[in-house]
Amino acid sequence: MKNLHFKSYMENFLYDLDNFITIYEDTLHVFNFTKLNKLSDTKIVLKIGKKLVLIEGVNLRVGKMTKQELLINGEILKVEFKDE
Amino acid sequence: MNKSKILWIKIKTNRYYNTLIRLNEIGVTIYDNKREKEHLLIKTNYEDYQRIKKYLVSYKIEIYAKSGILKIKELFSKYIIFILSSLLSIIILLLANLMVFKIDIKSNKESIRALLKNELKNYGLKEMTFKKGHHDIENIVQDILDKNKDTLEWLEIKYDGLIMVVNVTEKTNFKEDDKNNECDIVSKKDAKIISMNLYRGVALKEVNDYVLKGETLISGAIKHNEEIKNTTCASGEVYGEVWYKAKVEVPFREYYIEYTGKNRYNLSIKLNDNEYSIFKSRIEKKKIQKIVLYKLNDFQINFIKEKEYQESTRVLSEKEAMNKGINLALEKVNLKLGKDEEIITKKVLKKEVNNSTIYLEVFIVTKENIGMVKEGIGGLEDDSNIDRENN
């Protein structure tokens, strides 16, 4: 008998995006970024596609990181998109 | 994430953030990270660890901790000797528990022991062999009893640890015994008879009769018109009232021990008659309780509980000293009593008190089995010259 994989279908449907940023109370999740340009405990600069993303905060710390995904912990103060 | 090959690696760096960017560039997956003085600790998988070693050649990298299979492998290789010896010990213990190391045949007769040893051997029951199941043992017991109907009355085989205990009752031919043995039951103490169970012979005394030490209670001679017609070995149980006078002295100052509540635990190994403690005992005055954990022939491992106590003194009142004296007297008499024997009554006959000690004379009445087998027939039947002092 075949499994329906209902949860996986729903996830694919909802996250069917090239990239996205999710902000929680003290966590920021970046999906499918292109490059990590700068990293410090107050400022993180990422490249997503042709845009630059500027994240500013206090006590920023990399929680988890893969080639394309990043989880930042800390107090997020500002998220800014810029053209390259 | 492949949890089975996860490890923590330690990278020496002062440029914490740049190193993280560099790790991202070479595609390393980081599950967690910590910053320590001059070091970056990252949790990653084994494949990425290989990648880091390949690309970050100028960094000093070492494995900090392993988890999952890697941790198990590391522990296994580190403690291989301990693990293998433990496993081997467990296997040996399990095997030893399944084996018979000694056969203990409970019989006084060498001929019966030899017979049973030989019979058991025929059924494969000998030392240093595996134990047999309950059902097999039952069949073997029945077979041996059937084969030796004339010799064996009852047989039981059971295991007590590594020892096979064989309990046996030999068949007794009473008729032959009767011919060979002639005996009377005589009184071993001055007493008043309170009950009598006659199995064989002729009762010469009755309940409530006073008897002297040595007097015949049950005779093995069966008479008719004062003529002995037949002889036997008299058998029976005669209980009588026996009287004792116990003298005790009790000092008013009494030493006693009091437990402090401090306990220590230890292990000891006993080999032959020598016992060695594993840990040094730190309690000076202690009472020791011992539990046998493992026993194999003369080798024994014990668990020891040491209870600390301290010695103190107290002054008893006259009543307390008197009660203690009575109890001491009862204990003294009680030690002489066997199964089915008991103290019936007690009375203080005399009491003397001085400054430090109380002296008591206690009269005690007991119920005792006063019958004793005396080889041969025709002893003392009624002799008033016998000394009435029992003890």
# chains A, B, ... in the order shown; residues from 1 in each chain; ligands from 1
call {"tool": "closest_atom_pairs", "arguments": {"of": "chain A", "to": "chain B", "cutoff": "12 Å", "atoms": "only C-alpha atoms", "output": "Markdown table"}}
result
| residue | atom | partner | partner_atom | distance |
| --- | --- | --- | --- | --- |
| A:Phe33 | CA | B:Asn24 | CA | 11.0 |
| A:Thr34 | CA | B:Glu25 | CA | 10.0 |
| A:Lys35 | CA | B:Glu25 | CA | 7.7 |
| A:Leu36 | CA | B:Ile21 | CA | 6.2 |
| A:Asn37 | CA | B:Ile21 | CA | 7.5 |
| A:Lys38 | CA | B:Ile21 | CA | 7.4 |
| A:Leu39 | CA | B:Tyr17 | CA | 5.5 |
| A:Ser40 | CA | B:Tyr17 | CA | 6.0 |
| A:Asp41 | CA | B:Tyr17 | CA | 8.5 |
| A:Thr42 | CA | B:Tyr17 | CA | 11.3 |
| A:Lys43 | CA | B:Tyr17 | CA | 10.8 |
| A:Ile44 | CA | B:Tyr17 | CA | 10.0 |
| A:Val45 | CA | B:Ile21 | CA | 10.8 |
| A:Leu46 | CA | B:Ile21 | CA | 10.6 |
| A:Leu60 | CA | B:Tyr17 | CA | 10.9 |
| A:Arg61 | CA | B:Asn33 | CA | 9.0 |
| A:Val62 | CA | B:Asn33 | CA | 7.5 |
| A:Gly63 | CA | B:Asp32 | CA | 5.8 |
| A:Lys64 | CA | B:Tyr31 | CA | 4.9 |
| A:Met65 | CA | B:Ile30 | CA | 4.9 |
| A:Thr66 | CA | B:Thr29 | CA | 4.2 |
| A:Lys67 | CA | B:Gly27 | CA | 4.7 |
| A:Gln68 | CA | B:Gly27 | CA | 8.4 |
| A:Glu69 | CA | B:Thr29 | CA | 9.2 |
| A:Leu70 | CA | B:Ile30 | CA | 9.4 |
| A:Leu71 | CA | B:Tyr31 | CA | 9.9 |
| A:Ile72 | CA | B:Asp32 | CA | 11.2 |
| A:Asn73 | CA | B:Asp32 | CA | 11.4 |
call {"tool": "write_last_selection", "arguments": {"atoms": "C-alpha atoms", "output": "short mmCIF file (atom, residue, chain, number, x, y, z; two decimals), in the first residue's frame"}}
result
data_model
loop_
_atom_site.label_atom_id
_atom_site.label_comp_id
_atom_site.auth_asym_id
_atom_site.auth_seq_id
_atom_site.Cartn_x
_atom_site.Cartn_y
_atom_site.Cartn_z
CA PHE A 33 20.11 32.15 0.63
CA THR A 34 22.83 32.51 -1.95
CA LYS A 35 25.76 33.74 0.08
CA LEU A 36 26.68 34.74 3.59
CA ASN A 37 28.53 38.03 3.21
CA LYS A 38 29.00 39.23 6.75
CA LEU A 39 28.48 37.78 10.17
CA SER A 40 28.81 39.38 13.61
CA ASP A 41 26.83 39.46 16.85
CA THR A 42 25.09 42.71 15.81
CA LYS A 43 24.87 42.52 12.03
CA ILE A 44 24.40 39.79 9.41
CA VAL A 45 24.45 40.43 5.67
CA LEU A 46 23.09 37.79 3.30
CA LEU A 60 23.04 37.44 17.28
CA ARG A 61 24.26 33.87 17.10
CA VAL A 62 24.18 31.19 14.42
CA GLY A 63 21.98 28.38 15.73
CA LYS A 64 21.99 26.02 12.78
CA MET A 65 23.49 26.45 9.36
CA THR A 66 23.54 24.49 6.11
CA LYS A 67 24.71 25.59 2.68
CA GLN A 68 21.33 27.22 1.97
CA GLU A 69 19.57 27.56 5.30
CA LEU A 70 20.38 29.63 8.34
CA LEU A 71 18.84 29.90 11.79
CA ILE A 72 19.80 33.00 13.74
CA ASN A 73 19.09 33.33 17.46
#
call {"tool": "select_by_dssp", "arguments": {"residues": "stretch 193-332 of chain B", "states": "helix (DSSP H, G or I)", "output": "list in words"}}
result
Glu318, Lys319, Glu320, Ala321, Met322, Asn323, Lys324, Gly325, Ile326, Asn327, Leu328, Ala329, Leu330, Glu331 and Lys332 of chain B
call {"tool": "write_last_selection", "arguments": {"atoms": "C-alpha atoms", "output": "PDB file, in the first residue's frame"}}
result
ATOM      1  CA  GLU B 318      15.415  -2.371  91.671  1.00  0.00           C
ATOM      2  CA  LYS B 319      12.355  -3.506  89.697  1.00  0.00           C
ATOM      3  CA  GLU B 320      14.202  -3.306  86.370  1.00  0.00           C
ATOM      4  CA  ALA B 321      17.180  -5.228  87.810  1.00  0.00           C
ATOM      5  CA  MET B 322      14.826  -7.883  89.188  1.00  0.00           C
ATOM      6  CA  ASN B 323      13.058  -8.298  85.831  1.00  0.00           C
ATOM      7  CA  LYS B 324      16.404  -8.541  84.107  1.00  0.00           C
ATOM      8  CA  GLY B 325      17.515 -11.187  86.607  1.00  0.00           C
ATOM      9  CA  ILE B 326      14.347 -13.223  86.087  1.00  0.00           C
ATOM     10  CA  ASN B 327      14.785 -13.034  82.329  1.00  0.00           C
ATOM     11  CA  LEU B 328      18.423 -14.123  82.638  1.00  0.00           C
ATOM     12  CA  ALA B 329      17.364 -17.093  84.738  1.00  0.00           C
ATOM     13  CA  LEU B 330      14.659 -18.019  82.216  1.00  0.00           C
ATOM     14  CA  GLU B 331      17.146 -17.699  79.347  1.00  0.00           C
ATOM     15  CA  LYS B 332      19.604 -19.904  81.207  1.00  0.00           C
TER      16      LYS B 332
END
call {"tool": "residues_around", "arguments": {"residues": "B:Val238", "least_positions_apart": "5", "cutoff": "8 Å", "atoms": "only C-alpha atoms", "output": "MDAnalysis selection string"}}
result
chainID B and resid 193:197 217 369:371
call {"tool": "write_last_selection", "arguments": {"atoms": "N, CA and C atoms", "output": "mmCIF file, in the first residue's frame"}}
result
data_model
loop_
_atom_site.group_PDB
_atom_site.id
_atom_site.type_symbol
_atom_site.label_atom_id
_atom_site.label_comp_id
_atom_site.auth_asym_id
_atom_site.auth_seq_id
_atom_site.Cartn_x
_atom_site.Cartn_y
_atom_site.Cartn_z
ATOM 1 N N ILE B 193 5.488 -36.904 85.917
ATOM 2 C CA ILE B 193 5.048 -37.187 84.536
ATOM 3 C C ILE B 193 3.762 -36.411 84.238
ATOM 4 N N ILE B 194 3.768 -35.723 83.086
ATOM 5 C CA ILE B 194 2.531 -35.013 82.703
ATOM 6 C C ILE B 194 1.896 -35.581 81.429
ATOM 7 N N SER B 195 2.687 -36.289 80.622
ATOM 8 C CA SER B 195 2.065 -36.965 79.474
ATOM 9 C C SER B 195 2.960 -38.115 79.021
ATOM 10 N N MET B 196 2.341 -39.112 78.404
ATOM 11 C CA MET B 196 3.122 -40.275 77.976
ATOM 12 C C MET B 196 2.536 -40.841 76.690
ATOM 13 N N ASN B 197 3.369 -40.996 75.657
ATOM 14 C CA ASN B 197 2.971 -41.644 74.414
ATOM 15 C C ASN B 197 3.792 -42.916 74.278
ATOM 16 N N LEU B 217 10.815 -46.004 82.825
ATOM 17 C CA LEU B 217 9.477 -45.475 82.526
ATOM 18 C C LEU B 217 8.731 -46.461 81.636
ATOM 19 N N ASN B 369 10.965 -33.449 77.768
ATOM 20 C CA ASN B 369 10.957 -34.858 77.406
ATOM 21 C C ASN B 369 11.970 -35.549 78.312
ATOM 22 N N ILE B 370 11.479 -36.345 79.244
ATOM 23 C CA ILE B 370 12.385 -36.907 80.257
ATOM 24 C C ILE B 370 12.842 -38.322 79.900
ATOM 25 N N GLY B 371 12.301 -38.872 78.830
ATOM 26 C CA GLY B 371 12.641 -40.242 78.451
ATOM 27 C C GLY B 371 14.013 -40.324 77.786
#
call {"tool": "select_by_dssp", "arguments": {"residues": "chain A", "states": "strand (DSSP E)", "output": "number ranges by chain"}}
result
A: 20-23, 27-31, 35-39, 43-48, 51-65, 69-83
call {"tool": "residues_around", "arguments": {"residues": "A:Lys78", "least_positions_apart": "4", "cutoff": "8 Å", "atoms": "only C-alpha atoms", "output": "list in words"}}
result
Leu54, Ile55, Glu56 and Gly57 of chain A
call {"tool": "write_last_selection", "arguments": {"atoms": "N, CA and C atoms", "output": "PDB file, in the first residue's frame"}}
result
ATOM      1  N   LEU A  54      19.869  42.705   5.124  1.00  0.00           N
ATOM      2  CA  LEU A  54      20.632  43.236   6.251  1.00  0.00           C
ATOM      3  C   LEU A  54      19.867  42.921   7.534  1.00  0.00           C
ATOM      4  N   ILE A  55      20.465  42.152   8.387  1.00  0.00           N
ATOM      5  CA  ILE A  55      19.783  41.820   9.653  1.00  0.00           C
ATOM      6  C   ILE A  55      20.573  42.471  10.786  1.00  0.00           C
ATOM      7  N   GLU A  56      19.883  43.267  11.609  1.00  0.00           N
ATOM      8  CA  GLU A  56      20.556  43.909  12.731  1.00  0.00           C
ATOM      9  C   GLU A  56      19.900  43.466  14.042  1.00  0.00           C
ATOM     10  N   GLY A  57      20.680  43.321  15.058  1.00  0.00           N
ATOM     11  CA  GLY A  57      20.122  42.876  16.329  1.00  0.00           C
ATOM     12  C   GLY A  57      21.178  42.889  17.424  1.00  0.00           C
TER      13      GLY A  57
END
call {"tool": "residues_around", "arguments": {"residues": "B:Gly378", "least_positions_apart": "2", "cutoff": "10 Å", "atoms": "only C-alpha atoms", "output": "ChimeraX atom specification"}}
result
/B:182-184,216,219-221,374-376,380-381
call {"tool": "atom_distance", "arguments": {"atom1": "atom CA of B:Ala203", "atom2": "atom CA of B:Ala234"}}
result
9.2 Å
